[in-house]
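**Student:** Following this line is structure23.csv, made up of CSV, C-alpha atoms and all ligand atoms:
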```csv
chain,number,residue,atom,x,y,z
F,241,MET,CA,56.7,38.1,-44.0
F,242,SER,CA,59.2,36.2,-42.0
F,243,ASP,CA,58.5,34.4,-38.8
F,244,ILE,CA,59.6,36.8,-36.1
F,245,ILE,CA,58.2,35.3,-32.9
F,246,GLY,CA,60.8,33.2,-31.1
F,247,LYS,CA,63.8,34.1,-33.3
F,248,ASN,CA,65.3,35.9,-30.3
F,249,ILE,CA,64.7,34.2,-26.9
F,250,ILE,CA,65.8,35.4,-23.5
F,251,LYS,CA,65.7,32.6,-20.9
F,252,LEU,CA,65.5,33.5,-17.2
F,253,ASN,CA,65.4,31.3,-14.2
F,254,LEU,CA,63.5,33.8,-12.0
F,255,THR,CA,61.9,37.2,-12.4
F,256,ASP,CA,59.0,39.1,-10.9
F,257,SER,CA,56.9,38.9,-14.0
F,258,THR,CA,58.0,38.4,-17.6
F,259,ASN,CA,55.6,41.2,-18.6
F,260,ASN,CA,57.4,43.6,-16.2
F,261,TYR,CA,60.8,42.5,-17.5
F,262,ALA,CA,59.8,42.9,-21.1
F,263,ILE,CA,58.1,46.3,-20.5
F,264,LYS,CA,61.3,47.5,-18.7
F,265,LYS,CA,63.9,46.1,-21.1
F,266,HIS,CA,62.5,46.1,-24.6
F,267,SER,CA,63.0,49.9,-25.2
F,268,GLN,CA,66.1,50.2,-22.9
F,269,ASP,CA,67.9,47.4,-24.8
F,270,GLY,CA,66.3,47.8,-28.2
F,271,TRP,CA,64.8,44.4,-28.5
F,272,PRO,CA,64.0,43.3,-32.1
F,273,GLU,CA,60.3,42.6,-32.8
F,274,GLY,CA,59.2,39.1,-31.8
F,275,THR,CA,61.6,38.8,-28.9
F,276,VAL,CA,60.4,36.4,-26.3
F,277,VAL,CA,61.4,36.4,-22.6
F,278,MET,CA,60.6,33.2,-20.8
F,279,CYS,CA,61.2,32.1,-17.2
F,280,LYS,CA,60.8,29.1,-14.9
F,281,GLU,CA,59.3,31.0,-12.0
F,282,GLN,CA,57.7,34.4,-11.3
F,283,THR,CA,57.6,36.1,-7.9
F,284,ASN,CA,54.8,38.4,-9.0
F,285,GLY,CA,53.1,36.7,-12.0
F,286,ARG,CA,50.3,39.0,-13.0
F,287,GLY,CA,46.9,38.1,-14.4
F,288,GLN,CA,44.0,40.2,-15.6
F,289,ILE,CA,42.4,42.8,-13.3
F,290,ASN,CA,45.1,42.6,-10.7
F,291,ASN,CA,44.9,38.9,-10.2
F,292,SER,CA,48.0,36.9,-9.6
F,293,TRP,CA,49.1,34.0,-11.8
F,294,GLU,CA,50.1,30.8,-10.0
F,295,SER,CA,52.8,28.6,-11.5
F,296,GLU,CA,55.2,26.1,-9.9
F,297,TYR,CA,58.9,26.3,-10.6
F,298,GLY,CA,59.7,24.9,-14.0
F,299,GLU,CA,56.4,23.2,-14.6
F,300,ASN,CA,54.6,25.6,-17.0
F,301,LEU,CA,55.2,28.0,-19.9
F,302,LEU,CA,55.6,31.6,-18.7
F,303,LEU,CA,56.6,34.0,-21.3
F,304,SER,CA,56.1,37.4,-22.9
F,305,ILE,CA,56.4,38.4,-26.5
F,306,VAL,CA,57.2,41.9,-27.7
F,307,LEU,CA,55.6,43.2,-30.9
F,308,TYR,CA,55.6,46.6,-32.5
F,309,PRO,CA,52.2,46.4,-34.3
F,310,ASP,CA,52.1,50.0,-35.7
F,311,PHE,CA,50.0,48.7,-38.6
F,312,LEU,CA,47.1,48.1,-36.3
F,313,PRO,CA,44.9,51.0,-35.3
F,314,VAL,CA,44.1,51.2,-31.6
F,315,GLN,CA,40.4,50.6,-32.3
F,316,ARG,CA,41.3,47.3,-33.8
F,317,GLN,CA,43.6,46.1,-31.0
F,318,PHE,CA,41.3,43.2,-30.2
F,319,GLN,CA,42.4,41.5,-33.4
F,320,LEU,CA,45.8,41.0,-31.8
F,321,SER,CA,44.1,39.4,-28.8
F,322,LYS,CA,42.2,37.1,-31.1
F,323,ILE,CA,45.3,35.9,-33.0
F,324,ILE,CA,47.2,35.2,-29.8
F,325,ALA,CA,44.2,33.2,-28.4
F,326,LEU,CA,44.0,31.3,-31.7
F,327,GLY,CA,47.7,30.4,-31.7
F,328,ILE,CA,47.5,29.1,-28.1
F,329,SER,CA,44.2,27.2,-28.6
F,330,GLU,CA,45.5,25.6,-31.8
F,331,THR,CA,48.6,24.4,-30.1
F,332,LEU,CA,46.7,23.0,-27.2
F,333,SER,CA,44.3,21.4,-29.6
F,334,LEU,CA,47.1,19.1,-30.7
F,335,PHE,CA,46.8,17.5,-27.2
F,336,ASN,CA,43.0,17.8,-26.5
F,337,GLU,CA,40.0,18.2,-28.6
F,338,GLU,CA,37.9,20.3,-26.2
F,339,VAL,CA,39.9,23.6,-26.3
F,340,THR,CA,37.9,26.8,-26.5
F,341,VAL,CA,38.5,30.5,-26.1
F,342,LYS,CA,36.4,32.1,-23.4
F,343,TRP,CA,35.9,35.7,-24.4
F,344,PRO,CA,37.9,37.8,-24.3
F,345,ASN,CA,41.0,35.7,-24.1
F,346,ASP,CA,41.0,32.9,-21.6
F,347,ILE,CA,41.8,29.5,-22.9
F,348,TYR,CA,39.6,26.8,-21.6
F,349,ILE,CA,39.4,23.0,-21.8
F,350,GLY,CA,35.9,22.0,-20.8
F,351,ASN,CA,34.9,24.3,-18.0
F,352,LYS,CA,38.5,24.8,-16.7
F,353,LYS,CA,41.1,27.4,-17.5
F,354,ILE,CA,44.4,26.1,-18.9
F,355,ALA,CA,45.9,29.3,-20.2
F,356,GLY,CA,45.7,33.1,-19.7
F,357,ILE,CA,46.8,36.1,-21.7
F,358,LEU,CA,47.8,39.5,-20.5
F,359,ILE,CA,48.4,42.1,-23.2
F,360,GLU,CA,49.9,45.4,-22.2
F,361,ASN,CA,50.0,48.0,-25.0
F,362,SER,CA,51.9,51.3,-25.2
F,363,VAL,CA,49.9,53.6,-27.3
F,364,MET,CA,50.7,57.0,-28.9
F,365,GLY,CA,47.8,58.7,-30.6
F,366,ASN,CA,46.2,56.1,-32.8
F,367,THR,CA,49.3,53.9,-33.0
F,368,ILE,CA,50.2,50.9,-30.9
F,369,CYS,CA,53.9,51.5,-30.4
F,370,SER,CA,54.6,48.3,-28.6
F,371,SER,CA,52.7,45.4,-27.3
F,372,VAL,CA,53.9,43.1,-24.5
F,373,ILE,CA,51.9,39.9,-24.8
F,374,GLY,CA,52.1,37.8,-21.6
F,375,ILE,CA,51.2,34.1,-21.9
F,376,GLY,CA,50.9,31.6,-19.1
F,377,ILE,CA,50.0,28.0,-20.1
F,378,ASN,CA,49.6,25.3,-17.4
F,379,LEU,CA,51.4,22.3,-18.8
F,380,ASN,CA,52.9,20.0,-16.1
F,381,GLN,CA,51.7,21.3,-12.8
F,382,LYS,CA,50.1,18.6,-10.7
F,383,LYS,CA,48.2,20.7,-8.2
F,384,PHE,CA,47.1,24.3,-7.9
F,385,LEU,CA,47.1,25.9,-4.5
F,386,SER,CA,45.8,29.5,-5.1
F,387,ASP,CA,42.1,30.4,-4.9
F,388,ALA,CA,41.9,30.8,-8.7
F,389,PRO,CA,38.5,29.3,-9.4
F,390,ASN,CA,39.1,26.7,-12.0
F,391,PRO,CA,42.7,26.1,-13.1
F,392,ILE,CA,43.8,22.9,-14.9
F,393,SER,CA,47.0,21.7,-16.5
F,394,LEU,CA,47.6,19.4,-19.5
F,395,PHE,CA,49.2,17.0,-17.1
F,396,GLN,CA,46.0,16.8,-15.0
F,397,LEU,CA,44.1,16.0,-18.2
F,398,LEU,CA,46.5,13.6,-19.9
F,399,GLY,CA,48.6,12.1,-17.1
F,400,LEU,CA,51.8,12.8,-19.0
F,401,LYS,CA,54.3,15.5,-19.0
F,402,VAL,CA,55.0,17.6,-22.1
F,403,ASP,CA,58.4,19.0,-23.0
F,404,LEU,CA,58.2,22.7,-22.4
F,405,GLU,CA,60.7,23.6,-25.2
F,406,GLU,CA,58.9,21.5,-27.8
F,407,PHE,CA,55.6,23.0,-26.8
F,408,ALA,CA,57.0,26.5,-27.0
F,409,ASN,CA,58.3,25.8,-30.5
F,410,LEU,CA,54.9,24.6,-31.7
F,411,LEU,CA,53.4,27.6,-30.1
F,412,PHE,CA,55.7,30.1,-31.8
F,413,SER,CA,55.1,28.5,-35.1
F,414,ASN,CA,51.3,28.8,-34.7
F,415,LEU,CA,51.6,32.3,-33.4
F,416,ASN,CA,53.7,33.3,-36.4
F,417,ILE,CA,51.1,31.9,-38.8
F,418,TRP,CA,48.3,34.0,-37.2
F,419,LEU,CA,50.5,37.1,-36.9
F,420,ASN,CA,51.2,36.9,-40.6
F,421,LYS,CA,47.5,36.6,-41.3
F,422,LEU,CA,46.9,39.7,-39.2
F,423,ARG,CA,49.6,41.6,-41.0
F,424,ASN,CA,48.1,40.5,-44.3
F,425,ASN,CA,44.7,41.8,-43.3
F,426,MET,CA,43.1,38.4,-43.3
F,427,ASN,CA,40.6,39.6,-40.8
F,428,HIS,CA,37.7,37.5,-42.1
F,429,GLU,CA,39.6,34.3,-41.5
F,430,ILE,CA,40.7,35.5,-38.1
F,431,ASP,CA,37.2,36.4,-37.1
F,432,TYR,CA,35.8,33.1,-38.5
F,433,HIS,CA,38.2,31.0,-36.5
F,434,TYR,CA,37.9,33.1,-33.3
F,435,LEU,CA,34.1,32.7,-33.4
F,436,LYS,CA,34.3,29.0,-34.2
F,437,SER,CA,36.5,28.6,-31.1
F,438,LEU,CA,34.4,30.6,-28.8
F,439,TYR,CA,33.3,29.0,-25.5
F,440,ARG,CA,29.5,28.5,-25.5
F,441,ILE,CA,28.8,30.4,-28.7
F,442,ASN,CA,25.2,30.0,-29.8
F,443,GLN,CA,24.3,28.1,-26.6
F,444,GLU,CA,21.4,29.2,-24.4
F,445,ALA,CA,22.8,30.2,-21.0
F,446,GLU,CA,22.2,32.4,-18.0
F,447,PHE,CA,24.2,35.7,-17.7
F,448,SER,CA,24.3,38.5,-15.2
F,449,ASP,CA,25.2,42.1,-15.8
F,450,LYS,CA,24.9,45.1,-13.5
F,451,ASP,CA,21.2,45.3,-13.9
F,452,GLU,CA,19.8,41.8,-14.0
F,453,ILE,CA,20.1,38.1,-14.5
F,454,PHE,CA,18.9,37.0,-17.9
F,455,ALA,CA,18.8,34.2,-20.4
F,456,GLY,CA,20.5,34.6,-23.7
F,457,LYS,CA,23.0,33.4,-26.3
F,458,ILE,CA,26.4,34.7,-27.3
F,459,ILE,CA,26.1,35.4,-31.0
F,460,GLY,CA,29.3,37.2,-31.8
F,461,ILE,CA,31.9,39.9,-31.2
F,462,ASN,CA,31.6,43.4,-32.5
F,463,GLU,CA,34.2,45.5,-34.3
F,464,THR,CA,35.8,46.8,-31.1
F,465,GLY,CA,35.8,43.3,-29.4
F,466,GLN,CA,32.7,43.7,-27.3
F,467,LEU,CA,30.7,40.5,-26.6
F,468,VAL,CA,27.3,40.5,-28.3
F,469,ILE,CA,24.5,38.6,-26.5
F,470,ALA,CA,21.0,38.1,-27.9
F,471,LYS,CA,18.6,38.1,-25.0
F,472,LYS,CA,16.0,35.4,-24.9
F,473,ASN,CA,13.2,37.9,-24.5
F,474,GLY,CA,14.4,40.1,-27.3
F,475,GLY,CA,17.1,42.7,-28.0
F,476,LEU,CA,20.9,42.6,-28.3
F,477,LYS,CA,23.4,43.6,-25.6
F,478,GLU,CA,27.1,44.5,-26.1
F,479,TYR,CA,29.6,44.2,-23.2
F,480,HIS,CA,33.1,45.3,-22.4
F,481,PHE,CA,35.3,42.9,-20.4
F,482,LYS,CA,34.0,42.2,-16.9
F,483,GLU,CA,30.6,43.8,-17.6
F,484,VAL,CA,28.9,40.5,-17.9
F,485,GLU,CA,29.4,37.0,-16.5
F,486,PHE,CA,28.1,33.5,-17.0
F,487,ILE,CA,26.1,32.2,-14.0
N,501,LIG,C1,44.9,36.0,-16.9
N,501,LIG,O1,44.6,36.5,-15.9
N,501,LIG,O2,44.3,35.1,-17.5
N,501,LIG,C2,46.2,36.4,-17.6
N,501,LIG,C3,47.4,35.5,-17.1
N,501,LIG,C4,48.7,35.9,-17.7
N,501,LIG,C5,49.9,35.2,-17.1
N,501,LIG,C6,51.1,35.4,-17.8
N,501,LIG,S1,52.4,34.4,-17.2
N,501,LIG,C7,53.6,35.2,-18.1
N,501,LIG,C8,53.2,36.7,-18.2
N,501,LIG,N1,53.8,37.4,-17.0
N,501,LIG,C9,52.9,37.8,-16.2
N,501,LIG,O3,53.1,38.4,-15.1
N,501,LIG,N2,51.7,37.5,-16.6
N,501,LIG,C10,51.7,36.8,-17.9
```
Represent the structure of the file as structure tokens.
**Tutor:**
Amino acid sequence: MSDIIGKNIIKLNLTDSTNNYAIKKHSQDGWPEGTVVMCKEQTNGRGQINNSWESEYGENLLLSIVLYPDFLPVQRQFQLSKIIALGISETLSLFNEEVTVKWPNDIYIGNKKIAGILIENSVMGNTICSSVIGIGINLNQKKFLSDAPNPISLFQLLGLKVDLEEFANLLFSNLNIWLNKLRNNMNHEIDYHYLKSLYRINQEAEFSDKDEIFAGKIIGINETGQLVIAKKNGGLKEYHFKEVEFI
């Protein structure tokens, strides 16, 4: 399987959101699979659950990738989220050793968020017709002004600027490796590395869900991508996104 991500790149100065741009244009203009749209600034950068995504002009990586993963049943779509998180975390790990993936797909260094992923799928029946994978990675920004709880950039950690284009090329090459593993059904390897990278896996911690505050440990992810927590006083609980939080 050839490396498709990044073969075709559309570079913009300004757009509302690279995800919006990709959603609108990929079918209109017949984008080949793996097309990337990247920009220097977004006027309406979108995060998960209607949050906005802060990024100063030209300082960070802001991009969306279009895939047509019709080989992946809808029930297994979290595998796609895993490989994207792995590609990003592996690339950041070249610069810092403390990178983890905070379930479902935030990329953390220590207790701070360095990158976010927003995947928007178009589904027909059991098939994912297209997937727009938005990625924001904080690279060179010196200061964050929004009320996002815990952003951090590589510059804030290292005190040096990285070349955005070089970083993007490393990222595309890691993402292609993981995408090829997904296409080749290497799900055990994907699951193993995802779990190994997981923020606070197997560590005793306090959580809260809609019913209670409780002590427990993240012990894994189930088939559909739910987080599995073993409660300290017995029993397992499985959660969808936003149903549980660390305290
Ligand atoms: C999150 O909330 O963690 C997801 C953030 C995703 C941000 C990226 S930046 C490029 C792409 N375009 C968007 O509007 N959002 C994603």
**Student:** Find the residue from F:Ile453, F:Ala388, F:Leu307, F:Leu411 that sits nearest to ligand LIG 501 (chain N); use all atoms listed in the file when measuring.
**Tutor:** F:Ala388
**Student:** Wanna dump the region 397-457 of chain F-region 241-256 of chain F contacts at 12 Å for me, each residue with its shortest atom pair and the distance in Å to one decimal, counting only C-alpha atoms, ordered by chain and number, as CSV?
**Tutor:**
```
residue,atom,partner,partner_atom,distance
F:Glu405,CA,F:Lys251,CA,11.2
F:Ala408,CA,F:Gly246,CA,8.7
F:Asn409,CA,F:Gly246,CA,7.8
F:Leu410,CA,F:Gly246,CA,10.4
F:Leu411,CA,F:Gly246,CA,9.3
F:Phe412,CA,F:Ile245,CA,5.9
F:Ser413,CA,F:Asp243,CA,7.7
F:Asn414,CA,F:Ile245,CA,9.6
F:Leu415,CA,F:Ile245,CA,7.3
F:Asn416,CA,F:Asp243,CA,5.5
F:Ile417,CA,F:Asp243,CA,7.8
F:Trp418,CA,F:Asp243,CA,10.3
F:Leu419,CA,F:Asp243,CA,8.7
F:Asn420,CA,F:Met241,CA,6.6
F:Lys421,CA,F:Met241,CA,9.7
F:Leu422,CA,F:Met241,CA,11.0
F:Arg423,CA,F:Met241,CA,8.5
F:Asn424,CA,F:Met241,CA,8.9
```
**Student:** Let me make sure I understand: among F:Leu476, F:Leu379, F:Ile487, F:Ile349, which one has the smallest atom-to-atom distance to Asp403 (chain F) if we use all atoms listed in the file?
**Tutor:**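 The shortest atom-to-atom distance to Asp403 (chain F) comes from F:Leu379.
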**Student:** With a cut-off of 8 Å, could you pull out the residues of chain F touching ligand LIG 501 (chain N) and give me the nearest pair of atoms for each, distance in Å to one decimal, using all atoms listed in the file, ordered by chain and ascending number, as CSV?
**Tutor:**
```
residue,atom,partner,partner_atom,distance
F:Asp256,CA,N:LIG501,O3,7.3
F:Ser257,CA,N:LIG501,O3,4.0
F:Thr258,CA,N:LIG501,N1,4.4
F:Asn259,CA,N:LIG501,N1,4.5
F:Asn260,CA,N:LIG501,O3,6.8
F:Met278,CA,N:LIG501,C7,7.8
F:Gln282,CA,N:LIG501,O3,7.2
F:Asn284,CA,N:LIG501,O3,6.3
F:Gly285,CA,N:LIG501,O3,3.5
F:Arg286,CA,N:LIG501,O3,3.6
F:Gly287,CA,N:LIG501,O1,3.2
F:Gln288,CA,N:LIG501,O1,3.8
F:Ile289,CA,N:LIG501,O1,7.2
F:Asn291,CA,N:LIG501,O1,6.2
F:Ser292,CA,N:LIG501,O1,7.2
F:Trp293,CA,N:LIG501,C5,5.5
F:Leu301,CA,N:LIG501,S1,7.5
F:Leu302,CA,N:LIG501,C7,4.2
F:Leu303,CA,N:LIG501,C7,4.5
F:Ser304,CA,N:LIG501,C8,5.6
F:Asn345,CA,N:LIG501,O2,7.4
F:Asp346,CA,N:LIG501,O2,5.7
F:Ala355,CA,N:LIG501,O2,6.6
F:Gly356,CA,N:LIG501,O2,3.3
F:Ile357,CA,N:LIG501,C2,4.2
F:Leu358,CA,N:LIG501,C2,4.5
F:Ile373,CA,N:LIG501,C8,7.4
F:Gly374,CA,N:LIG501,C8,3.7
F:Ile375,CA,N:LIG501,C6,4.3
F:Gly376,CA,N:LIG501,S1,3.7
F:Ile377,CA,N:LIG501,S1,7.4
```
**Student:** What is the CA of Leu404 (chain F)-CA of Lys382 (chain F) distance in Å, reported with one decimal?
**Tutor:**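 For CA of Leu404 (chain F) relative to CA of Lys382 (chain F), the distance reads 14.8 Å.
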**Student:** Using all atoms listed in the file, which residue out of F:Lys477, F:Arg440, F:Lys457, F:His433 lies closest to Ile324 (chain F)?
**Tutor:**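 Under the stated criterion, the closest residue is F:His433.
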**Student:** Which residues are near Gln396 (chain F)? Cut-off 8 Å, all atoms listed in the file, ignore same chain within fewer than 3 positions. Put them as a PDB file with C-alpha atoms, keeping the file's coordinate frame.
**Tutor:**
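Printed below is out-v8.pdb as written:
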```pdb
ATOM      1  CA  ASN F 380      52.900  20.000 -16.100  1.00  0.00           C
ATOM      2  CA  GLN F 381      51.700  21.300 -12.800  1.00  0.00           C
ATOM      3  CA  LYS F 382      50.100  18.600 -10.700  1.00  0.00           C
ATOM      4  CA  ILE F 392      43.800  22.900 -14.900  1.00  0.00           C
ATOM      5  CA  SER F 393      47.000  21.700 -16.500  1.00  0.00           C
ATOM      6  CA  GLY F 399      48.600  12.100 -17.100  1.00  0.00           C
TER       7      GLY F 399
END
```
**Student:** Give me, please, the distance in Å between CA of Glu360 (chain F) and CA of Ile458 (chain F), quoted to one decimal.
**Tutor:**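 So the two atoms, CA of Glu360 (chain F) and CA of Ile458 (chain F), lie 26.3 Å apart.
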**Student:** I need the residue nearest His266 (chain F) from this list: F:Met426, F:Cys279, F:Cys369, F:Val341. Use all atoms listed in the file for the distance.
**Tutor:**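 Between F:Met426, F:Cys279, F:Cys369, F:Val341, the residue approaching His266 (chain F) most closely is F:Cys369.
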**Student:** When distances are computed from only C-alpha atoms, which of F:Phe318, F:Tyr261, F:Phe407, F:Phe384 shows the smallest separation from Thr283 (chain F)?
**Tutor:**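 Selected residue with least distance to Thr283 (chain F): F:Tyr261.
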**Student:** Counting all atoms listed in the file, which residues come within 7 Å of (49.1, 48.5, -31.0), with the point read in the file's coordinates, and could you list them as a PDB file with C-alpha atoms, in the frame of the given file?
**Tutor:**
```
ATOM      1  CA  TYR F 308      55.600  46.600 -32.500  1.00  0.00           C
ATOM      2  CA  PRO F 309      52.200  46.400 -34.300  1.00  0.00           C
ATOM      3  CA  ASP F 310      52.100  50.000 -35.700  1.00  0.00           C
ATOM      4  CA  LEU F 312      47.100  48.100 -36.300  1.00  0.00           C
ATOM      5  CA  PRO F 313      44.900  51.000 -35.300  1.00  0.00           C
ATOM      6  CA  VAL F 314      44.100  51.200 -31.600  1.00  0.00           C
ATOM      7  CA  GLN F 317      43.600  46.100 -31.000  1.00  0.00           C
ATOM      8  CA  ASN F 361      50.000  48.000 -25.000  1.00  0.00           C
ATOM      9  CA  VAL F 363      49.900  53.600 -27.300  1.00  0.00           C
ATOM     10  CA  THR F 367      49.300  53.900 -33.000  1.00  0.00           C
ATOM     11  CA  ILE F 368      50.200  50.900 -30.900  1.00  0.00           C
ATOM     12  CA  CYS F 369      53.900  51.500 -30.400  1.00  0.00           C
ATOM     13  CA  SER F 370      54.600  48.300 -28.600  1.00  0.00           C
ATOM     14  CA  SER F 371      52.700  45.400 -27.300  1.00  0.00           C
TER      15      SER F 371
END
```
**Student:** Hey, can you check how far CA of Gly298 (chain F) sits from CA of Leu397 (chain F)?
**Tutor:**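 Between CA of Gly298 (chain F) and CA of Leu397 (chain F) the gap works out to 18.4 Å.
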**Student:** Just checking: using all atoms listed in the file, which residue out of F:Val484, F:Ile354, F:Val468, F:Leu326 ends up closest to Glu446 (chain F)?
**Tutor:** F:Val484
**Student:** Report as a PyMOL selection string all protein, DNA and RNA residues lying within 8 Å of Ile459 (chain F), evaluated on all atoms listed in the file, omitting residues in the same chain fewer than 4 positions from it.
**Tutor:** chain F and resi 441-442+468-470
**Student:** I need every residue sitting at most 10 Å from the point (43.1, 19.8, -25.7) (coordinates as in the file, all atoms listed in the file considered), written as an MDAnalysis selection string.
**Tutor:** chainID F and resid 329:340 348:350 354 394 397:398
**Student:** Quick one: residues within 8 Å of Gln319 (chain F), only C-alpha atoms counted, chain neighbours fewer than 6 positions away excluded, as a PyMOL selection string?
**Tutor:** chain F and resi 422+427+430+465
**Student:** Start from the incomplete input, build N, CA and C atoms for region 366-379 of chain F, and deliver everything as a compact mmCIF listing (two decimals), in the coordinates of the input.
**Tutor:**
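Output contents, as saved in result_23.txt:
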```txt
# COMPACT_ATOMS: atom_id res chain seq x y z
N ASN F 366 46.97 57.21 -32.32
CA ASN F 366 46.20 56.10 -32.80
C ASN F 366 47.08 54.86 -33.07
N THR F 367 48.33 54.94 -32.61
CA THR F 367 49.30 53.90 -33.00
C THR F 367 49.67 53.05 -31.73
N ILE F 368 49.70 51.73 -31.93
CA ILE F 368 50.20 50.90 -30.90
C ILE F 368 51.72 50.76 -31.09
N CYS F 369 52.47 51.44 -30.25
CA CYS F 369 53.90 51.50 -30.40
C CYS F 369 54.55 50.15 -30.06
N SER F 370 54.10 49.61 -28.94
CA SER F 370 54.60 48.30 -28.60
C SER F 370 53.53 47.54 -27.81
N SER F 371 53.61 46.23 -27.93
CA SER F 371 52.70 45.40 -27.30
C SER F 371 53.44 44.28 -26.56
N VAL F 372 53.24 44.18 -25.25
CA VAL F 372 53.90 43.10 -24.50
C VAL F 372 52.78 42.07 -24.23
N ILE F 373 52.98 40.88 -24.80
CA ILE F 373 51.90 39.90 -24.80
C ILE F 373 52.37 38.76 -23.80
N GLY F 374 51.79 38.76 -22.62
CA GLY F 374 52.10 37.80 -21.60
C GLY F 374 51.26 36.54 -21.75
N ILE F 375 51.91 35.38 -21.72
CA ILE F 375 51.20 34.10 -21.90
C ILE F 375 51.57 33.16 -20.78
N GLY F 376 50.60 32.61 -20.10
CA GLY F 376 50.90 31.60 -19.10
C GLY F 376 50.05 30.33 -19.53
N ILE F 377 50.74 29.20 -19.71
CA ILE F 377 50.00 28.00 -20.10
C ILE F 377 50.39 26.87 -19.09
N ASN F 378 49.35 26.32 -18.46
CA ASN F 378 49.60 25.30 -17.40
C ASN F 378 49.81 23.96 -18.12
N LEU F 379 51.06 23.52 -18.06
CA LEU F 379 51.40 22.30 -18.80
C LEU F 379 51.59 21.11 -17.80
```
